[in-house]
Each structure stands twice: as structure tokens, then as C-alpha cells.
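J.: To be precise about what I am sending: the file is called query-v8.cif and holds mmCIF, C-alpha atoms.
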data_coords
loop_
_atom_site.group_PDB
_atom_site.id
_atom_site.type_symbol
_atom_site.label_atom_id
_atom_site.label_comp_id
_atom_site.auth_asym_id
_atom_site.auth_seq_id
_atom_site.Cartn_x
_atom_site.Cartn_y
_atom_site.Cartn_z
ATOM 1 C CA MET Q 19 16.149 -5.244 -11.862
ATOM 2 C CA PRO Q 20 16.876 -3.212 -8.763
ATOM 3 C CA THR Q 21 19.854 -0.874 -8.771
ATOM 4 C CA ILE Q 22 19.070 1.456 -5.857
ATOM 5 C CA THR Q 23 20.190 0.105 -2.487
ATOM 6 C CA ASN Q 24 19.202 3.075 -0.333
ATOM 7 C CA VAL Q 25 16.947 6.137 -0.636
ATOM 8 C CA ALA Q 26 16.806 9.231 1.507
ATOM 9 C CA ILE Q 27 14.066 9.367 4.115
ATOM 10 C CA LYS Q 28 12.793 12.927 3.927
ATOM 11 C CA ASP Q 29 11.237 15.016 6.690
ATOM 12 C CA THR Q 30 8.301 15.554 4.324
ATOM 13 C CA ASP Q 31 7.666 11.805 3.911
ATOM 14 C CA SER Q 32 4.631 10.456 5.720
ATOM 15 C CA LEU Q 33 5.157 8.001 8.582
ATOM 16 C CA VAL Q 34 3.960 5.225 6.251
ATOM 17 C CA VAL Q 35 6.574 6.075 3.618
ATOM 18 C CA LYS Q 36 9.319 6.512 6.238
ATOM 19 C CA LYS Q 37 8.596 3.019 7.618
ATOM 20 C CA ILE Q 38 8.631 1.364 4.177
ATOM 21 C CA LYS Q 39 11.763 3.215 3.022
ATOM 22 C CA GLY Q 40 13.537 2.414 6.295
ATOM 23 C CA LYS Q 41 12.763 -1.284 6.142
ATOM 24 C CA LEU Q 42 13.750 -1.547 2.475
ATOM 25 C CA ASN Q 43 16.915 0.496 3.090
ATOM 26 C CA ASP Q 44 17.787 -2.002 5.855
ATOM 27 C CA ALA Q 45 17.284 -4.808 3.318
ATOM 28 C CA GLY Q 46 19.691 -3.241 0.799
ATOM 29 C CA GLY Q 47 17.010 -1.818 -1.473
ATOM 30 C CA GLN Q 48 15.257 -5.057 -2.366
ATOM 31 C CA ALA Q 49 13.249 -7.672 -0.524
ATOM 32 C CA ILE Q 50 11.127 -10.738 -1.077
ATOM 33 C CA ILE Q 51 7.832 -10.466 0.760
ATOM 34 C CA THR Q 52 5.006 -12.930 1.246
ATOM 35 C CA LEU Q 53 1.609 -12.249 -0.308
ATOM 36 C CA TYR Q 54 -1.583 -13.272 1.477
ATOM 37 C CA SER Q 55 -1.838 -16.235 -0.918
ATOM 38 C CA GLY Q 56 1.527 -17.490 0.357
ATOM 39 C CA ASP Q 57 3.316 -16.673 -2.913
ATOM 40 C CA SER Q 58 6.501 -14.647 -2.745
ATOM 41 C CA CYS Q 59 6.865 -11.233 -4.314
ATOM 42 C CA ASP Q 60 9.987 -9.200 -5.006
ATOM 43 C CA ILE Q 61 10.011 -5.457 -4.355
ATOM 44 C CA TRP Q 62 12.597 -2.733 -4.886
ATOM 45 C CA PHE Q 63 12.852 1.037 -5.099
ATOM 46 C CA ASP Q 64 11.611 2.853 -8.185
ATOM 47 C CA GLU Q 65 14.369 4.737 -10.061
ATOM 48 C CA GLY Q 66 12.796 8.166 -9.445
ATOM 49 C CA ASP Q 67 11.926 7.708 -5.740
ATOM 50 C CA LYS Q 68 8.236 7.756 -6.666
ATOM 51 C CA GLY Q 69 7.587 4.456 -4.895
ATOM 52 C CA LEU Q 70 8.317 0.780 -5.352
ATOM 53 C CA VAL Q 71 8.477 -1.699 -8.205
ATOM 54 C CA SER Q 72 7.548 -5.389 -8.260
ATOM 55 C CA SER Q 73 7.579 -7.983 -11.014
ATOM 56 C CA LYS Q 74 4.044 -8.927 -9.848
ATOM 57 C CA ILE Q 75 2.763 -5.488 -10.960
ATOM 58 C CA PRO Q 76 3.689 -4.910 -14.606
ATOM 59 C CA SER Q 77 1.794 -1.616 -14.966
ATOM 60 C CA ALA Q 78 3.857 1.479 -14.209
ATOM 61 C CA ASN Q 79 3.130 3.851 -11.318
ATOM 62 C CA GLN Q 80 0.894 1.476 -9.367
ATOM 63 C CA LEU Q 81 3.095 1.270 -6.264
ATOM 64 C CA VAL Q 82 3.637 5.020 -5.827
ATOM 65 C CA TRP Q 83 4.147 6.283 -2.280
ATOM 66 C CA GLU Q 84 0.732 7.968 -2.375
ATOM 67 C CA ALA Q 85 -0.949 4.584 -2.894
ATOM 68 C CA PHE Q 86 0.468 3.309 0.411
ATOM 69 C CA ASP Q 87 -0.667 6.481 2.186
ATOM 70 C CA ALA Q 88 -4.134 6.106 0.619
ATOM 71 C CA ALA Q 89 -4.401 2.470 1.757
ATOM 72 C CA VAL Q 90 -3.596 3.441 5.346
ATOM 73 C CA GLU Q 91 -5.880 6.489 5.148
ATOM 74 C CA VAL Q 92 -8.933 4.465 4.063
ATOM 75 C CA THR Q 93 -8.159 1.821 6.689
ATOM 76 C CA MET Q 94 -8.047 4.449 9.426
ATOM 77 C CA ASN Q 95 -11.186 6.141 8.076
ATOM 78 C CA ASN Q 96 -12.989 2.790 8.365
ATOM 79 C CA GLY Q 97 -12.229 2.448 12.070
ATOM 80 C CA GLY Q 98 -8.884 0.684 11.607
ATOM 81 C CA LYS Q 99 -10.148 -2.107 9.327
ATOM 82 C CA ALA Q 100 -11.049 -1.771 5.638
ATOM 83 C CA LYS Q 101 -12.202 -4.262 3.026
ATOM 84 C CA LYS Q 102 -9.530 -4.854 0.417
ATOM 85 C CA GLY Q 103 -11.795 -4.719 -2.659
ATOM 86 C CA ASN Q 104 -11.390 -6.804 -5.788
ATOM 87 C CA ALA Q 105 -10.220 -4.740 -8.746
ATOM 88 C CA GLN Q 106 -8.609 -7.822 -10.348
ATOM 89 C CA SER Q 107 -12.050 -9.289 -11.033
ATOM 90 C CA GLY Q 108 -12.859 -6.459 -13.457
ATOM 91 C CA ALA Q 109 -15.381 -5.063 -10.984
ATOM 92 C CA LYS Q 110 -16.699 -1.548 -11.487
ATOM 93 C CA LEU Q 111 -15.733 1.102 -8.947
ATOM 94 C CA GLY Q 112 -18.650 1.626 -6.591
ATOM 95 C CA SER Q 113 -19.943 -1.960 -6.938
ATOM 96 C CA ALA Q 114 -20.113 -4.453 -4.062
ATOM 97 C CA LYS Q 115 -16.819 -6.027 -5.233
ATOM 98 C CA LEU Q 116 -14.987 -2.677 -5.497
ATOM 99 C CA MET Q 117 -16.488 -0.212 -3.048
ATOM 100 C CA ILE Q 118 -15.048 3.292 -3.041
ATOM 101 C CA ASN Q 119 -14.183 2.927 0.657
ATOM 102 C CA SER Q 120 -12.266 -0.326 0.075
ATOM 103 C CA VAL Q 121 -8.466 -0.276 -0.148
ATOM 104 C CA GLU Q 122 -8.339 -0.888 -3.907
ATOM 105 C CA GLY Q 123 -11.361 1.331 -4.568
ATOM 106 C CA HIS Q 124 -9.899 4.248 -2.630
ATOM 107 C CA ILE Q 125 -6.503 3.917 -4.341
ATOM 108 C CA ALA Q 126 -8.143 3.680 -7.789
ATOM 109 C CA ASN Q 127 -10.271 6.760 -7.142
ATOM 110 C CA LYS Q 128 -7.899 8.996 -5.194
ATOM 111 C CA ILE Q 129 -4.533 8.107 -6.742
ATOM 112 C CA HIS Q 130 -5.375 6.936 -10.263
ATOM 113 C CA GLY Q 131 -8.451 9.088 -10.925
ATOM 114 C CA VAL Q 132 -10.844 6.219 -11.691
ATOM 115 C CA LYS Q 133 -14.432 7.472 -11.578
ATOM 116 C CA GLU Q 134 -17.394 5.558 -10.170
ATOM 117 C CA GLY Q 135 -18.484 2.930 -12.713
ATOM 118 C CA GLY Q 136 -14.962 2.644 -14.157
ATOM 119 C CA THR Q 137 -12.637 -0.331 -13.867
ATOM 120 C CA ALA Q 138 -9.288 -0.253 -12.138
ATOM 121 C CA PHE Q 139 -6.037 -2.173 -12.108
ATOM 122 C CA GLY Q 140 -5.620 -4.164 -8.876
ATOM 123 C CA PRO Q 141 -2.255 -3.642 -7.148
ATOM 124 C CA GLY Q 142 -3.858 -3.960 -3.704
ATOM 125 C CA PHE Q 143 -2.650 -7.516 -3.099
ATOM 126 C CA VAL Q 144 0.967 -6.287 -3.250
ATOM 127 C CA ILE Q 145 0.287 -2.995 -1.421
ATOM 128 C CA CYS Q 146 -1.409 -4.861 1.454
ATOM 129 C CA ALA Q 147 1.483 -7.352 1.632
ATOM 130 C CA ILE Q 148 4.059 -4.530 1.750
ATOM 131 C CA LEU Q 149 2.124 -2.752 4.516
ATOM 132 C CA ASP Q 150 2.066 -6.047 6.454
ATOM 133 C CA TRP Q 151 5.807 -6.623 5.853
ATOM 134 C CA ALA Q 152 6.540 -3.091 7.130
ATOM 135 C CA LYS Q 153 4.420 -3.767 10.270
ATOM 136 C CA ILE Q 154 2.027 -0.916 9.419
ATOM 137 C CA CYS Q 155 -1.052 -3.078 8.783
ATOM 138 C CA ARG Q 156 -2.155 -6.696 9.041
ATOM 139 C CA ASN Q 157 -2.964 -8.309 5.707
ATOM 140 C CA GLU Q 158 -6.009 -10.448 6.548
ATOM 141 C CA LYS Q 159 -8.254 -12.591 4.337
ATOM 142 C CA TRP Q 160 -10.698 -9.928 3.128
ATOM 143 C CA PHE Q 161 -9.455 -6.941 5.135
ATOM 144 C CA LEU Q 162 -6.527 -4.681 5.871
ATOM 145 C CA SER Q 163 -6.198 -3.710 9.556
ATOM 146 C CA ILE Q 164 -3.982 -1.125 11.231
ATOM 147 C CA GLU Q 165 -1.254 -2.584 13.462
ATOM 148 C CA PRO Q 166 -1.736 -1.268 17.033
ATOM 149 C CA MET Q 167 1.969 -0.371 17.393
ATOM 150 C CA PHE Q 168 1.868 1.665 14.184
ATOM 151 C CA LEU Q 169 -1.361 3.367 15.254
ATOM 152 C CA ALA Q 170 0.197 4.393 18.568
ATOM 153 C CA GLU Q 171 3.239 5.838 16.770
ATOM 154 C CA TYR Q 172 1.003 7.569 14.216
ATOM 155 C CA LYS Q 173 -1.099 9.180 16.943
ATOM 156 C CA LYS Q 174 2.026 10.282 18.802
ATOM 157 C CA ASN Q 175 3.510 11.826 15.632
ATOM 158 C CA THR Q 176 0.291 13.615 14.676
ATOM 159 C CA ASN Q 177 -0.553 14.671 18.243
ATOM 160 C CA GLU Q 178 -3.859 12.803 18.084
ATOM 161 C CA GLY Q 179 -3.266 10.814 21.226
#
What is this structure when it is put down as C-alpha cells?

T.:
Amino acid sequence: MPTITNVAIKDTDSLVVKKIKGKLNDAGGQAIITLYSGDSCDIWFDEGDKGLVSSKIPSANQLVWEAFDAAVEVTMNNGGKAKKGNAQSGAKLGSAKLMINSVEGHIANKIHGVKEGGTAFGPGFVICAILDWAKICRNEKWFLSIEPMFLAEYKKNTNEG
């Protein structure tokens, strides 16, 4: 169960991580978020400040900060809207159900080192819900889309706009 109520927001943290940490700090280090399915999901800070933990994701190191950055990165690289992918179905990376440029495919490949043709664990349903809760992305039926307000802040902070 959660024990950390607040973590430091570092200058080196990405804007994505700063937003998530800030919102969870405001909530006392734990929150109940809504998944796309309508189910609720508890989240809290990981003990080593590597990311988040949720009872919905039993495998360790699936909700690391880098996974959230990767989800936003692939969404931006796809013009602001990326397919989620379906790692939970046992799909092979690179297949139509788990494309490399999908949210779950990109996380599996970039963060967890899954090679094309391999199978991946599917934490994307929680990652997408957290990004929606933090007002970074919109968690839609088959897609993850960048929130316009976040995109404007991102562009301002990276001098892209």
C-alpha cells in the first residue's frame, strides 16, 4: 500500500512527469482514477521514485516514468493521435494488433526491450488512463490523443511554438 505522500519534482523531469507528480502530490500521493472501461484504478508513487504503482498492474516496473514519456512521444510522433495497441491479447509486436508505433507497442519496444515478433505485457490501459487523469492526453476508445492545452505548454517549454 502507498506510503509516500509527496515526491520532489526535479528540474530534470520531463513536462509529462512533472504534471503527473504534481497532480499526485496534490492528491496526497495516491488517487483513484477511472479507466476507459469505467472501472476504477488506484495509483500511488513507487518507493524508489521510478514511477507509479497500481494494483491493476501486478508486474513490477511497468509504470516507470519513461513509459509515460514514451506514450506521449509516440502520440506526438503520430500527429497527436496514436492507436493504443493490444498487448493484453497476446499479440506479437509488429502485428496489426500491436504495431510498433502504437502506445503499447512503443512502450514494449523502447522501454522494455521487446523485439519485433515478441509478446509484451499490456500496462497501456492504466498508462492511458493516468495521462487522461493528468490532462496530458485524452483516453479515447482505440486511441490516445494529446490534449491541446498540454501541447501548447509543451511547445512553449521546448521552444517549438

J.: Residues within 9 Å of Lys41 in chain Q, please, as a VMD selection string. Count all atoms listed in the file; anything in the same chain fewer than 5 positions from it doesn't count.

T.: chain Q and resid 36 46 to 47 151 to 152

J.: Can you find the residues with an atom no farther than 7 Å from (11.8, 6.3, -1.2), counting only C-alpha atoms, and report them as a CSV table (one decimal) with C-alpha atoms, keeping the file's coordinate frame?

T.:
chain,number,residue,atom,x,y,z
Q,25,VAL,CA,16.9,6.1,-0.6
Q,26,ALA,CA,16.8,9.2,1.5
Q,27,ILE,CA,14.1,9.4,4.1
Q,39,LYS,CA,11.8,3.2,3.0
Q,63,PHE,CA,12.9,1.0,-5.1
Q,67,ASP,CA,11.9,7.7,-5.7
Q,68,LYS,CA,8.2,7.8,-6.7
Q,69,GLY,CA,7.6,4.5,-4.9

J.: Using all atoms listed in the file, can you tell me which of Q:Cys155, Q:Leu162, Q:Leu169, Q:Leu81 comes closest to Phe139 in chain Q?

T.: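 Of all the options, Q:Leu81 lies closest to Phe139 in chain Q.
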
J.: What residues have an atom no more than 12 Å from (7.2, 12.1, 5.9) in the file's own frame, counting all atoms listed in the file, and can you write them as a list in words?

T.: Ala26, Ile27, Lys28, Asp29, Thr30, Asp31, Ser32, Leu33, Val34, Val35, Lys36, Lys37, Ile38, Lys39, Gly40, Trp83, Glu84, Asp87, Tyr172, Asn175 and Thr176 of chain Q

J.: Could you give me, as a list in words, the residues within 10 Å of Gly112 in chain Q, counting only C-alpha atoms and dropping anything in the same chain fewer than 6 positions from it?

T.: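 The contact residues come out as Ile118, Asn119, Ser120, Gly123, His124, Asn127, Lys133, Glu134, Gly135, Gly136 and Thr137 of chain Q.
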
J.: For the selection just defined, write its residues with C-alpha atoms to a file, as a PDB file, in the coordinates of the input.

T.:
ATOM      1  CA  ILE Q 118     -15.048   3.292  -3.041  1.00  0.00           C
ATOM      2  CA  ASN Q 119     -14.183   2.927   0.657  1.00  0.00           C
ATOM      3  CA  SER Q 120     -12.266  -0.326   0.075  1.00  0.00           C
ATOM      4  CA  GLY Q 123     -11.361   1.331  -4.568  1.00  0.00           C
ATOM      5  CA  HIS Q 124      -9.899   4.248  -2.630  1.00  0.00           C
ATOM      6  CA  ASN Q 127     -10.271   6.760  -7.142  1.00  0.00           C
ATOM      7  CA  LYS Q 133     -14.432   7.472 -11.578  1.00  0.00           C
ATOM      8  CA  GLU Q 134     -17.394   5.558 -10.170  1.00  0.00           C
ATOM      9  CA  GLY Q 135     -18.484   2.930 -12.713  1.00  0.00           C
ATOM     10  CA  GLY Q 136     -14.962   2.644 -14.157  1.00  0.00           C
ATOM     11  CA  THR Q 137     -12.637  -0.331 -13.867  1.00  0.00           C
TER      12      THR Q 137
END

J.: Residues picked by the PyMOL selection byres ((chain Q and resi 60) around 10) here, as a PyMOL selection string?

T.: chain Q and resi 20+48-52+58-59+61-62+71-74+144

J.: To one decimal place, how far is CA of Ala88 in chain Q from CA of Thr23 in chain Q in Å?

T.: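 A separation of 25.2 Å between them.
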
J.: Between Q:Leu53, Q:Leu149, Q:Val90, Q:Ala85, single out the one closest to Ile129 in chain Q, counting only C-alpha atoms.

T.: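 Closest candidate: Q:Ala85.
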
J.: Between Q:Ile148, Q:Ala100, Q:Ile22, Q:Met167, single out the one closest to Phe86 in chain Q, counting all atoms listed in the file.

T.: Q:Ile148

J.: Please determine, counting only C-alpha atoms, which residue among Q:Ile164, Q:Met94, Q:Ala170, Q:Ala147 has the shortest atom-to-atom distance to Gly56 in chain Q.

T.: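 For Gly56 in chain Q, the nearest of the candidates is Q:Ala147.
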